[in-house]
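Quick look at data_28.tsv (TSV, C-alpha atoms and all ligand atoms):
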```tsv
chain	number	residue	atom	x	y	z
A	252	MET	CA	6.74	29.97	8.33
A	253	ALA	CA	9.71	28.43	6.51
A	254	LEU	CA	9.74	24.66	6.33
A	255	LEU	CA	12.58	22.78	7.97
A	256	SER	CA	15.06	21.18	5.61
A	257	LYS	CA	15.64	17.44	5.27
A	258	LEU	CA	17.96	15.73	7.69
A	259	THR	CA	21.02	13.78	6.64
A	260	ALA	CA	20.98	11.66	9.77
A	261	ILE	CA	18.32	9.89	11.75
A	262	PRO	CA	16.83	12.37	14.22
A	263	PRO	CA	17.64	11.71	17.87
A	264	GLY	CA	15.08	10.07	20.10
A	265	ILE	CA	13.25	8.06	17.45
A	266	GLN	CA	11.92	4.86	19.03
A	267	THR	CA	9.13	3.91	16.68
A	268	ALA	CA	8.01	4.76	13.15
A	269	GLU	CA	5.29	6.96	14.62
A	270	ASP	CA	7.95	9.23	16.11
A	271	TYR	CA	8.76	10.34	12.56
A	272	LEU	CA	5.42	12.11	12.24
A	273	ALA	CA	6.41	14.92	14.61
A	274	HIS	CA	9.58	15.46	12.58
A	275	ALA	CA	7.70	15.30	9.28
A	276	GLN	CA	5.13	17.94	10.25
A	277	PRO	CA	7.47	20.96	10.24
A	278	ARG	CA	8.93	19.79	6.92
A	279	LEU	CA	5.67	19.72	4.99
A	280	SER	CA	3.33	22.55	4.04
A	281	PRO	CA	-0.13	22.42	5.68
A	282	GLU	CA	-1.66	21.45	2.31
A	283	VAL	CA	0.74	18.55	1.75
A	284	LEU	CA	0.37	17.39	5.34
A	285	HIS	CA	-3.39	17.43	5.00
A	286	TYR	CA	-3.17	15.49	1.73
A	287	LEU	CA	-1.01	12.86	3.41
A	288	GLU	CA	-2.77	12.51	6.71
A	289	GLY	CA	-6.36	13.12	5.75
A	290	GLY	CA	-9.13	10.60	5.38
A	291	SER	CA	-12.33	10.92	3.43
A	292	GLY	CA	-15.64	12.13	4.86
A	293	LYS	CA	-15.64	12.42	8.63
A	294	GLY	CA	-12.51	10.30	8.91
A	295	ILE	CA	-14.40	7.43	10.55
A	296	SER	CA	-12.54	4.69	8.69
A	297	LEU	CA	-9.22	6.46	9.10
A	298	LYS	CA	-9.57	6.44	12.89
A	299	ALA	CA	-11.12	2.98	13.00
A	300	ASN	CA	-8.16	1.56	11.06
A	301	LEU	CA	-5.84	2.53	13.89
A	302	ASP	CA	-8.20	1.57	16.72
A	303	ALA	CA	-8.84	-1.86	15.22
A	304	PHE	CA	-5.36	-3.05	16.08
A	305	ASP	CA	-5.82	-2.15	19.75
A	306	GLY	CA	-8.79	-4.53	19.86
A	307	VAL	CA	-6.65	-7.55	19.02
A	308	GLN	CA	-4.58	-8.94	21.87
A	309	LEU	CA	-1.29	-10.72	21.60
A	310	MET	CA	-0.30	-13.66	23.78
A	311	SER	CA	3.15	-14.09	25.25
A	312	ARG	CA	4.72	-17.54	24.94
A	313	PRO	CA	7.92	-17.52	26.96
A	314	LEU	CA	10.52	-20.25	26.80
A	315	THR	CA	9.81	-21.14	23.17
A	316	ASP	CA	13.02	-21.84	21.31
A	317	VAL	CA	13.16	-19.22	18.59
A	318	ARG	CA	16.87	-19.40	17.87
A	319	CYS	CA	17.64	-19.03	14.16
A	320	GLY	CA	14.29	-17.34	13.69
A	321	HIS	CA	13.82	-14.96	10.78
A	322	THR	CA	11.21	-12.92	8.89
A	323	ARG	CA	12.10	-14.09	5.39
A	324	ILE	CA	9.35	-14.49	2.84
A	325	ASN	CA	9.01	-15.53	-0.78
A	326	LEU	CA	6.33	-13.80	-2.83
A	327	PHE	CA	5.86	-14.90	-6.44
A	328	GLY	CA	9.33	-16.43	-6.49
A	329	GLN	CA	10.96	-13.26	-5.12
A	330	ASN	CA	12.83	-13.48	-1.82
A	331	PHE	CA	12.53	-10.70	0.73
A	332	GLU	CA	13.99	-10.40	4.21
A	333	HIS	CA	10.70	-9.29	5.72
A	334	PRO	CA	6.98	-9.02	4.87
A	335	LEU	CA	6.75	-5.20	5.04
A	336	LEU	CA	6.16	-3.82	1.54
A	337	LEU	CA	5.91	-0.14	0.72
A	338	ALA	CA	2.35	0.65	-0.40
A	339	PRO	CA	1.73	2.68	-3.55
A	340	ILE	CA	1.58	6.35	-2.63
A	341	ALA	CA	1.06	9.03	-5.26
A	342	TYR	CA	3.16	12.13	-5.98
A	343	GLN	CA	6.12	11.43	-3.70
A	344	ARG	CA	7.96	14.50	-4.94
A	345	LEU	CA	5.57	16.39	-2.67
A	346	PHE	CA	7.50	14.90	0.22
A	347	HIS	CA	11.05	14.78	-1.11
A	348	ASP	CA	12.75	16.26	-4.18
A	349	HIS	CA	13.78	12.81	-5.37
A	350	GLY	CA	10.46	11.25	-4.45
A	351	GLU	CA	9.77	7.68	-5.47
A	352	SER	CA	13.40	6.92	-6.40
A	353	VAL	CA	14.48	7.50	-2.86
A	354	ALA	CA	11.78	5.32	-1.34
A	355	ALA	CA	12.53	2.56	-3.85
A	356	MET	CA	16.23	2.65	-2.97
A	357	ALA	CA	15.35	2.30	0.69
A	358	ALA	CA	13.08	-0.67	0.00
A	359	ASN	CA	15.92	-2.41	-1.79
A	360	ALA	CA	18.46	-1.49	0.89
A	361	GLN	CA	16.17	-3.23	3.38
A	362	THR	CA	15.75	-6.21	1.02
A	363	GLY	CA	12.06	-5.53	0.65
A	364	GLN	CA	9.76	-4.34	-2.07
A	365	MET	CA	7.98	-1.16	-3.14
A	366	VAL	CA	4.81	-0.85	-5.17
A	367	VAL	CA	5.11	2.21	-7.41
A	368	SER	CA	1.92	4.21	-7.98
A	369	SER	CA	0.44	5.00	-11.41
A	370	LEU	CA	0.47	8.54	-10.04
A	371	ALA	CA	4.23	8.54	-9.45
A	372	SER	CA	5.86	11.91	-9.88
A	373	GLN	CA	9.01	10.48	-11.47
A	374	SER	CA	9.30	8.34	-14.56
A	375	LEU	CA	8.82	4.62	-14.07
A	376	GLU	CA	12.19	3.99	-15.74
A	377	GLU	CA	14.03	6.42	-13.48
A	378	ILE	CA	12.54	4.89	-10.34
A	379	ILE	CA	13.41	1.32	-11.24
A	380	GLU	CA	16.92	2.34	-12.19
A	381	ALA	CA	17.42	4.04	-8.84
A	382	ALA	CA	15.95	1.04	-7.05
A	383	GLY	CA	18.47	-1.35	-8.57
A	384	GLN	CA	15.91	-4.15	-8.55
A	385	PRO	CA	12.61	-4.96	-10.27
A	386	LEU	CA	9.69	-3.28	-8.52
A	387	TRP	CA	5.96	-3.84	-8.50
A	388	PHE	CA	3.64	-1.51	-10.37
A	389	GLN	CA	0.30	-0.22	-9.08
A	390	LEU	CA	-2.17	0.27	-11.89
A	391	TYR	CA	-5.04	2.72	-11.94
A	392	TRP	CA	-7.54	2.26	-14.75
A	393	GLN	CA	-6.88	4.86	-17.43
A	394	GLY	CA	-10.44	5.32	-18.63
A	395	ASP	CA	-10.34	2.72	-21.39
A	396	ARG	CA	-8.47	-0.42	-22.38
A	397	PRO	CA	-6.01	1.00	-24.97
A	398	ARG	CA	-4.80	3.71	-22.62
A	399	THR	CA	-4.56	1.29	-19.72
A	400	LEU	CA	-2.62	-1.17	-21.85
A	401	ARG	CA	-0.16	1.48	-22.97
A	402	LEU	CA	0.64	2.38	-19.36
A	403	LEU	CA	0.86	-1.25	-18.36
A	404	ASN	CA	3.19	-2.13	-21.23
A	405	ARG	CA	5.41	0.78	-20.39
A	406	ALA	CA	5.73	-0.50	-16.82
A	407	LEU	CA	6.40	-4.05	-17.94
A	408	SER	CA	9.02	-2.92	-20.48
A	409	ALA	CA	10.72	-0.92	-17.74
A	410	GLY	CA	11.08	-4.12	-15.68
A	411	TYR	CA	8.21	-4.01	-13.19
A	412	ASN	CA	7.48	-7.62	-12.41
A	413	ALA	CA	4.10	-7.65	-10.65
A	414	VAL	CA	0.98	-5.56	-11.21
A	415	MET	CA	-1.31	-4.41	-8.43
A	416	PHE	CA	-4.59	-3.17	-9.85
A	417	THR	CA	-6.27	-0.74	-7.44
A	418	VAL	CA	-10.03	-0.95	-7.81
A	419	ASP	CA	-11.46	0.88	-4.83
A	420	ALA	CA	-10.94	4.44	-6.07
A	421	PRO	CA	-12.54	4.70	-9.53
A	422	VAL	CA	-14.04	8.15	-9.02
A	423	LYS	CA	-11.45	10.87	-9.13
A	424	GLN	CA	-11.76	12.99	-6.04
A	425	ALA	CA	-10.24	16.43	-5.84
A	426	VAL	CA	-6.67	16.10	-4.63
A	427	MET	CA	-4.83	19.15	-3.43
A	428	ALA	CA	-3.74	21.62	-6.09
A	429	LEU	CA	-0.35	20.23	-7.02
A	430	PRO	CA	2.67	22.52	-7.30
A	431	ASP	CA	3.77	23.18	-10.90
A	432	ASP	CA	6.73	20.84	-10.72
A	433	VAL	CA	4.86	17.84	-9.31
A	434	ARG	CA	2.58	15.78	-11.53
A	435	ALA	CA	1.77	12.27	-12.62
A	436	VAL	CA	4.51	12.18	-15.24
A	437	ASN	CA	3.77	8.69	-16.51
A	438	LEU	CA	0.19	9.34	-17.53
A	439	GLU	CA	-1.21	10.58	-20.81
A	440	SER	CA	-3.38	13.68	-20.67
A	441	PRO	CA	-6.72	12.89	-19.04
A	442	LEU	CA	-9.45	11.37	-21.15
A	443	SER	CA	-12.18	13.90	-21.71
A	444	GLN	CA	-15.42	13.14	-19.94
A	445	PRO	CA	-18.53	12.51	-22.03
A	446	PRO	CA	-20.71	15.62	-21.90
A	447	VAL	CA	-23.32	15.28	-19.19
A	448	GLN	CA	-26.80	16.52	-20.06
A	449	ALA	CA	-28.91	18.52	-17.64
A	450	ASN	CA	-31.00	15.48	-16.70
A	451	GLN	CA	-27.98	13.21	-16.29
A	452	SER	CA	-25.80	12.39	-13.34
A	453	LEU	CA	-22.23	13.61	-13.18
A	454	VAL	CA	-21.36	10.43	-11.33
A	455	PHE	CA	-23.18	7.71	-13.29
A	456	ASP	CA	-23.17	9.31	-16.74
A	457	GLY	CA	-19.86	11.09	-16.28
A	458	TRP	CA	-17.09	9.70	-14.08
A	459	MET	CA	-18.30	6.11	-13.84
A	460	THR	CA	-18.41	5.66	-17.60
A	461	GLN	CA	-14.61	5.53	-17.39
A	462	ALA	CA	-14.44	3.23	-14.37
A	463	PRO	CA	-13.32	-0.40	-14.71
A	464	SER	CA	-15.60	-3.40	-14.21
A	465	TRP	CA	-15.10	-7.11	-13.57
A	466	ASP	CA	-14.90	-7.65	-17.35
A	467	ASP	CA	-11.88	-5.40	-17.36
A	468	VAL	CA	-10.24	-7.44	-14.61
A	469	ALA	CA	-10.75	-10.54	-16.76
A	470	TRP	CA	-9.33	-8.66	-19.75
A	471	LEU	CA	-6.36	-7.48	-17.71
A	472	ARG	CA	-5.67	-11.04	-16.57
A	473	ASP	CA	-5.35	-12.04	-20.22
A	474	GLN	CA	-2.96	-9.20	-21.01
A	475	ILE	CA	-0.15	-10.00	-18.63
A	476	LYS	CA	1.91	-12.97	-17.60
A	477	VAL	CA	3.41	-11.39	-14.47
A	478	PRO	CA	1.53	-11.78	-11.16
A	479	LEU	CA	-1.66	-9.74	-10.99
A	480	LEU	CA	-3.00	-8.57	-7.63
A	481	VAL	CA	-6.23	-6.68	-7.02
A	482	LYS	CA	-6.01	-3.98	-4.35
A	483	GLY	CA	-8.91	-2.58	-2.39
A	484	LEU	CA	-11.17	-5.51	-1.56
A	485	LEU	CA	-13.29	-5.82	1.58
A	486	HIS	CA	-16.26	-7.98	0.51
A	487	THR	CA	-15.99	-11.75	0.27
A	488	ASP	CA	-17.96	-11.86	-3.02
A	489	ASP	CA	-15.37	-9.59	-4.59
A	490	VAL	CA	-12.62	-11.82	-3.27
A	491	ALA	CA	-14.41	-14.82	-4.79
A	492	ASN	CA	-14.58	-13.05	-8.16
A	493	THR	CA	-10.92	-12.15	-8.00
A	494	LEU	CA	-9.99	-15.76	-7.33
A	495	ARG	CA	-12.35	-17.02	-10.04
A	496	LEU	CA	-10.70	-14.73	-12.59
A	497	GLY	CA	-7.33	-16.26	-11.84
A	498	CYS	CA	-5.66	-13.32	-10.12
A	499	ASP	CA	-2.52	-14.22	-8.23
A	500	GLY	CA	-3.13	-12.08	-5.20
A	501	LEU	CA	-5.30	-9.51	-3.53
A	502	VAL	CA	-4.92	-6.72	-1.05
A	503	VAL	CA	-7.46	-6.34	1.73
A	504	SER	CA	-7.46	-2.57	2.03
A	505	ASN	CA	-9.75	0.37	2.63
A	506	HIS	CA	-7.16	2.66	1.06
A	507	GLY	CA	-6.08	4.00	4.43
A	508	GLY	CA	-9.57	5.42	5.02
A	509	ARG	CA	-9.26	7.72	2.01
A	510	VAL	CA	-12.09	6.64	-0.27
A	511	LEU	CA	-15.47	5.45	1.05
A	512	ASP	CA	-15.70	6.63	4.62
A	513	GLY	CA	-17.56	4.30	6.96
A	514	VAL	CA	-16.50	0.99	5.40
A	515	PRO	CA	-15.18	-1.70	7.75
A	516	THR	CA	-11.56	-1.72	8.67
A	517	SER	CA	-9.32	-4.06	6.71
A	518	LEU	CA	-8.57	-5.87	9.97
A	519	ALA	CA	-12.25	-6.58	10.67
A	520	VAL	CA	-12.80	-8.37	7.37
A	521	LEU	CA	-9.41	-10.06	7.17
A	522	PRO	CA	-10.18	-13.35	8.99
A	523	GLU	CA	-13.16	-14.22	6.80
A	524	ILE	CA	-11.27	-13.33	3.64
A	525	ALA	CA	-8.23	-15.30	4.79
A	526	ASN	CA	-10.51	-18.30	5.29
A	527	MET	CA	-11.72	-18.00	1.74
A	528	VAL	CA	-8.34	-17.44	0.17
A	529	ALA	CA	-6.74	-20.27	2.17
A	530	GLY	CA	-3.50	-20.35	0.19
A	531	LYS	CA	-5.19	-20.09	-3.23
A	532	ALA	CA	-3.63	-16.66	-3.79
A	533	CYS	CA	-1.22	-14.29	-2.10
A	534	LEU	CA	-3.08	-12.31	0.54
A	535	LEU	CA	-1.74	-8.85	1.34
A	536	PHE	CA	-3.09	-6.39	3.86
A	537	ASP	CA	-2.90	-2.64	4.44
A	538	SER	CA	-4.57	0.28	6.21
A	539	GLY	CA	-3.53	1.25	9.70
A	540	ILE	CA	-0.19	-0.54	10.13
A	541	ARG	CA	1.93	1.68	12.35
A	542	ARG	CA	4.07	-0.82	14.25
A	543	GLY	CA	5.59	-4.24	13.89
A	544	GLN	CA	3.00	-5.49	16.38
A	545	ASP	CA	0.26	-4.42	13.95
A	546	ALA	CA	1.95	-6.37	11.18
A	547	PHE	CA	2.12	-9.40	13.48
A	548	LYS	CA	-1.62	-9.14	14.17
A	549	ALA	CA	-2.48	-8.91	10.48
A	550	LEU	CA	-0.25	-11.91	9.74
A	551	ALA	CA	-1.86	-13.86	12.59
A	552	LEU	CA	-5.29	-13.08	11.17
A	553	GLY	CA	-4.28	-14.56	7.84
A	554	ALA	CA	-2.29	-12.07	5.73
A	555	ASP	CA	0.84	-13.34	3.99
A	556	ALA	CA	2.46	-9.89	4.04
A	557	VAL	CA	1.48	-6.29	4.75
A	558	MET	CA	1.99	-2.92	3.14
A	559	ILE	CA	3.02	0.19	5.01
A	560	GLY	CA	1.44	3.45	3.86
A	561	ARG	CA	1.81	6.81	5.56
A	562	PRO	CA	4.63	5.88	7.99
A	563	TYR	CA	7.26	5.47	5.28
A	564	ILE	CA	6.26	8.82	3.85
A	565	TRP	CA	6.97	10.36	7.26
A	566	GLY	CA	10.47	8.88	7.02
A	567	LEU	CA	10.83	10.12	3.44
A	568	SER	CA	9.76	13.62	4.45
A	569	VAL	CA	12.27	13.79	7.28
A	570	ALA	CA	15.41	12.10	6.02
A	571	GLY	CA	14.86	10.71	2.52
A	572	ALA	CA	16.13	7.20	1.85
A	573	LEU	CA	17.64	6.98	5.31
A	574	GLY	CA	14.30	7.83	6.89
A	575	VAL	CA	12.37	5.30	4.81
A	576	ALA	CA	14.94	2.59	5.48
A	577	HIS	CA	14.83	3.39	9.19
A	578	VAL	CA	11.03	3.17	9.30
A	579	ILE	CA	11.15	-0.25	7.65
A	580	ARG	CA	13.91	-1.40	10.00
A	581	LEU	CA	12.09	-0.17	13.11
A	582	MET	CA	8.95	-2.02	12.12
A	583	ARG	CA	10.92	-5.14	11.29
A	584	ASP	CA	12.67	-5.01	14.66
A	585	GLU	CA	9.29	-4.67	16.37
A	586	LEU	CA	7.93	-7.56	14.35
A	587	GLU	CA	10.90	-9.72	15.27
A	588	MET	CA	10.58	-8.83	18.95
A	589	THR	CA	6.86	-9.57	18.87
A	590	MET	CA	7.53	-12.89	17.17
A	591	ALA	CA	10.18	-13.82	19.72
A	592	LEU	CA	7.96	-13.00	22.69
A	593	SER	CA	4.98	-14.75	21.09
A	594	GLY	CA	6.95	-17.90	20.37
A	595	ALA	CA	7.04	-17.57	16.58
A	596	ALA	CA	10.42	-18.24	14.96
A	597	THR	CA	9.24	-17.74	11.39
A	598	LEU	CA	6.32	-16.07	9.64
A	599	ALA	CA	4.78	-19.52	9.17
A	600	ASP	CA	4.62	-19.83	12.97
A	601	ILE	CA	2.42	-16.71	13.25
A	602	LYS	CA	-1.05	-18.16	13.43
A	603	LEU	CA	-4.49	-17.34	14.77
A	604	SER	CA	-3.47	-19.30	17.84
A	605	SER	CA	-0.63	-16.80	18.37
A	606	LEU	CA	-3.25	-14.30	19.54
A	607	SER	CA	-5.10	-14.25	22.82
A	608	ASP	CA	-8.29	-16.34	22.69
A	609	SER	CA	-10.25	-13.66	24.53
A	610	ALA	CA	-9.34	-11.07	21.91
A	611	LEU	CA	-11.07	-13.18	19.29
A	612	GLY	CA	-14.08	-14.09	21.36
A	613	ARG	CA	-12.98	-17.73	21.46
B	1	LIG	C1	-2.42	6.47	-0.98
B	1	LIG	N1	-2.85	5.22	-1.43
B	1	LIG	C2	-2.77	4.91	-2.77
B	1	LIG	N2	-3.13	3.67	-3.21
B	1	LIG	C3	-3.00	3.34	-4.52
B	1	LIG	O1	-3.32	2.21	-4.88
B	1	LIG	N3	-2.48	4.25	-5.40
B	1	LIG	C4	-2.10	5.50	-5.04
B	1	LIG	O2	-1.64	6.28	-5.86
B	1	LIG	C5	-2.26	5.86	-3.68
B	1	LIG	N4	-1.92	7.11	-3.25
B	1	LIG	C6	-1.97	7.42	-1.91
B	1	LIG	C7	-1.54	8.68	-1.49
B	1	LIG	C8	-1.51	8.96	-0.12
B	1	LIG	C9	-1.02	10.30	0.34
B	1	LIG	C10	-1.91	7.98	0.82
B	1	LIG	C11	-1.83	8.24	2.29
B	1	LIG	C12	-2.37	6.76	0.39
B	1	LIG	C13	-3.29	4.19	-0.47
B	1	LIG	C14	-2.11	3.35	0.02
B	1	LIG	O3	-1.59	2.55	-0.99
B	1	LIG	C15	-2.50	2.44	1.20
B	1	LIG	O4	-3.61	1.66	0.83
B	1	LIG	C16	-2.80	3.20	2.48
B	1	LIG	O5	-1.92	4.29	2.65
B	1	LIG	C17	-2.70	2.27	3.66
B	1	LIG	O6	-3.08	2.92	4.82
B	1	LIG	P1	-2.04	3.55	5.89
B	1	LIG	O7	-0.93	2.54	6.08
B	1	LIG	O8	-1.58	4.84	5.31
B	1	LIG	O9	-2.89	3.70	7.10
```

Before anything else, please render the file you have as structure tokens.
Amino acid sequence: MALLSKLTAIPPGIQTAEDYLAHAQPRLSPEVLHYLEGGSGKGISLKANLDAFDGVQLMSRPLTDVRCGHTRINLFGQNFEHPLLLAPIAYQRLFHDHGESVAAMAANAQTGQMVVSSLASQSLEEIIEAAGQPLWFQLYWQGDRPRTLRLLNRALSAGYNAVMFTVDAPVKQAVMALPDDVRAVNLESPLSQPPVQANQSLVFDGWMTQAPSWDDVAWLRDQIKVPLLVKGLLHTDDVANTLRLGCDGLVVSNHGGRVLDGVPTSLAVLPEIANMVAGKACLLFDSGIRRGQDAFKALALGADAVMIGRPYIWGLSVAGALGVAHVIRLMRDELEMTMALSGAATLADIKLSSLSDSALGR
């Protein structure tokens, strides 16, 4: 069946970001849709990510004066109108001919930020030029330090002004077979794997010999002056290491349920991690955010800002920059409405006490 073409206007009847999914489905091939929507294993973490938000209750606080309220935030000296960043998502030309450039333009139009994946399908220079503002760069380890440094330096020279090092997906899993015209254009050809002998493990003696370690995080910290965030942490010991190594931020994330199935949801581990971080570093959150209310809950449980994953790709798949911008705007509107009804005029007013006591077992 032929795929529907992109829209040049916002489709009628859209009330929430989730409404974009139904419009995205007929515009993506089954393979691409599966790549976007799928989780790893049995999809336990993928489902749990969404359910987790339902388990946290809000609390209405009528009659609070929230006039002049706003959602502005400053991250690493950069001002944004809202705390909804676009998460790094690979190969965006699968979803739109102009891929990452279009999403980056939308992030800027909404006075927000996008984190561009190492696996971007357009050149880093082209994306930042289209964006019209410095962007953040998501780094995947490139098998060894010289290769990683070359990629990093290219991003920094192009004007990317923060680096998010994703550490939770070191083992390359089979992605869908990419179409001929979509590839990770910014990467060198893959490093060849050391030959694995019959009595050796493909995982330990093969793939994992090219995976990064804590020493590499320390090395990376020494290489760059721009803010360094580590993405993909769930365990408090790993958070402690990240802080000890002088990283500027971290992202509590289970990669949208796409890597190790069965791990806790990001939301479940957030409060303990937030307690540890306690303002020592910038604390970001992703995995499962679908509405502004979800963002509110993550902020109340201690995140400074959140990243949106799949929902902005639904917008991209339906109506390009307009769709992405609309998804961000819808979520921001929901966040603002939730803040107003919960008595929070600014992000600083969103606290643990903004949630219902019973939801937290207090
Ligand atoms: C991702 N994610 C991801 N993360 C990363 O650090 N680098 C990457 O290249 C990608 N690529 C990617 C592709 C696709 C199709 C998806 C859905 C996700 C993970 C992403 O940054 C984020 O952690 C999750 O998407 C958050 O979960 P939700 O919001 O999609 O539930």

*If we count all atoms listed in the file, what is near Pro277 in chain A at a cut-off of 8 Å, once residues fewer than 3 positions away on the same chain are taken out, given as a PyMOL selection string?*
chain A and resi 254-255+273-274+280

Considering all atoms listed in the file, tabulate each residue of chain A that lies at most 7 Å from ligand LIG 1 (chain B) along with its nearest interatomic pair and the corresponding distance in Å to one decimal; arrange the rows by chain and ascending residue number and present them as JSON lines.
```
{"residue": "A:Tyr286", "atom": "CA", "partner": "B:LIG1", "partner_atom": "C9", "distance": 5.8}
{"residue": "A:Leu287", "atom": "CA", "partner": "B:LIG1", "partner_atom": "C9", "distance": 4.0}
{"residue": "A:Glu288", "atom": "CA", "partner": "B:LIG1", "partner_atom": "C11", "distance": 6.2}
{"residue": "A:Asn300", "atom": "CA", "partner": "B:LIG1", "partner_atom": "O9", "distance": 6.9}
{"residue": "A:Ala338", "atom": "CA", "partner": "B:LIG1", "partner_atom": "O3", "distance": 4.4}
{"residue": "A:Pro339", "atom": "CA", "partner": "B:LIG1", "partner_atom": "O3", "distance": 4.2}
{"residue": "A:Ile340", "atom": "CA", "partner": "B:LIG1", "partner_atom": "N4", "distance": 3.6}
{"residue": "A:Ala341", "atom": "CA", "partner": "B:LIG1", "partner_atom": "O2", "distance": 3.9}
{"residue": "A:Ser368", "atom": "CA", "partner": "B:LIG1", "partner_atom": "O2", "distance": 4.6}
{"residue": "A:Ser369", "atom": "CA", "partner": "B:LIG1", "partner_atom": "O2", "distance": 6.1}
{"residue": "A:Leu370", "atom": "CA", "partner": "B:LIG1", "partner_atom": "O2", "distance": 5.2}
{"residue": "A:Gln389", "atom": "CA", "partner": "B:LIG1", "partner_atom": "O1", "distance": 6.1}
{"residue": "A:Thr417", "atom": "CA", "partner": "B:LIG1", "partner_atom": "O1", "distance": 4.9}
{"residue": "A:Lys482", "atom": "CA", "partner": "B:LIG1", "partner_atom": "O1", "distance": 6.8}
{"residue": "A:Ser504", "atom": "CA", "partner": "B:LIG1", "partner_atom": "O4", "distance": 5.8}
{"residue": "A:Asn505", "atom": "CA", "partner": "B:LIG1", "partner_atom": "O4", "distance": 6.5}
{"residue": "A:His506", "atom": "CA", "partner": "B:LIG1", "partner_atom": "O4", "distance": 3.7}
{"residue": "A:Gly507", "atom": "CA", "partner": "B:LIG1", "partner_atom": "O6", "distance": 3.2}
{"residue": "A:Gly508", "atom": "CA", "partner": "B:LIG1", "partner_atom": "O6", "distance": 7.0}
{"residue": "A:Asp537", "atom": "CA", "partner": "B:LIG1", "partner_atom": "C17", "distance": 5.0}
{"residue": "A:Ser538", "atom": "CA", "partner": "B:LIG1", "partner_atom": "O6", "distance": 3.3}
{"residue": "A:Gly539", "atom": "CA", "partner": "B:LIG1", "partner_atom": "O9", "distance": 3.6}
{"residue": "A:Ile540", "atom": "CA", "partner": "B:LIG1", "partner_atom": "O7", "distance": 5.1}
{"residue": "A:Arg541", "atom": "CA", "partner": "B:LIG1", "partner_atom": "O7", "distance": 6.9}
{"residue": "A:Met558", "atom": "CA", "partner": "B:LIG1", "partner_atom": "O7", "distance": 6.9}
{"residue": "A:Ile559", "atom": "CA", "partner": "B:LIG1", "partner_atom": "O7", "distance": 4.7}
{"residue": "A:Gly560", "atom": "CA", "partner": "B:LIG1", "partner_atom": "O7", "distance": 3.4}
{"residue": "A:Arg561", "atom": "CA", "partner": "B:LIG1", "partner_atom": "O8", "distance": 3.9}
{"residue": "A:Pro562", "atom": "CA", "partner": "B:LIG1", "partner_atom": "O7", "distance": 6.8}
```

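Residues in contact with Thr597 in chain A at 8 Å, where all atoms listed in the file are counted and same-chain residues fewer than 4 positions away are skipped, are listed as A:Gly320, A:His321, A:Thr322, A:Arg323, A:Met590, A:Ile601.
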
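Here the question is which of A:Phe327, A:Trp465, A:Phe304, A:Phe536 gets nearest to Lys548 in chain A using only C-alpha atoms, and that residue is A:Phe304.
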
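We find CA of Met356 in chain A and CA of Leu386 in chain A to be spaced 10.4 Å apart.
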
_Atomic separation - CA of Val468 in chain A relative to CA of Phe416 in chain A, Å_ = 8.5 Å

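The residue set within 9 Å of range 375-385 of chain A, counting all atoms listed in the file and dropping same-chain residues fewer than 3 places from it, reads Gly350, Glu351, Ser352, Val353, Ala354, Ala355, Met356, Ala357, Ala358, Asn359, Ala360, Gln364, Val367, Ser369, Ala371, Ser372, Phe388, Arg405, Ala406, Ser408, Ala409, Gly410, Tyr411, Asn412, Ala413, Val436 and Asn437 of chain A.
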
_For CA of Arg396 in chain A and CA of Asp488 in chain A, the interatomic separation in Å (one decimal)_ = 24.4 Å

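Taking all atoms listed in the file into account, Pro478 in chain A lies nearest to A:Leu501 out of the set A:Ile564, A:Leu552, A:Ala591, A:Leu501.
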
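The residue that comes closest to Ile261 in chain A, out of A:Arg434, A:Arg398, A:Arg509, A:His577 and on the basis of all atoms listed in the file, is A:His577.
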
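The nearest approach to Leu390 in chain A among the residues A:Leu337, A:Met427, A:Leu480, A:Val578, with only C-alpha atoms taken into account, belongs to A:Leu480.
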
If I wrap all listed atoms of range 484-500 of chain A in a box with edges along x, y and z and add 4 Å on each side, what are its centre and edge lengths in Å to one decimal, as JSON?
```
{"center_x": -10.2, "center_y": -11.3, "center_z": -5.5, "size_x": 23.4, "size_y": 19.5, "size_z": 22.2}
```
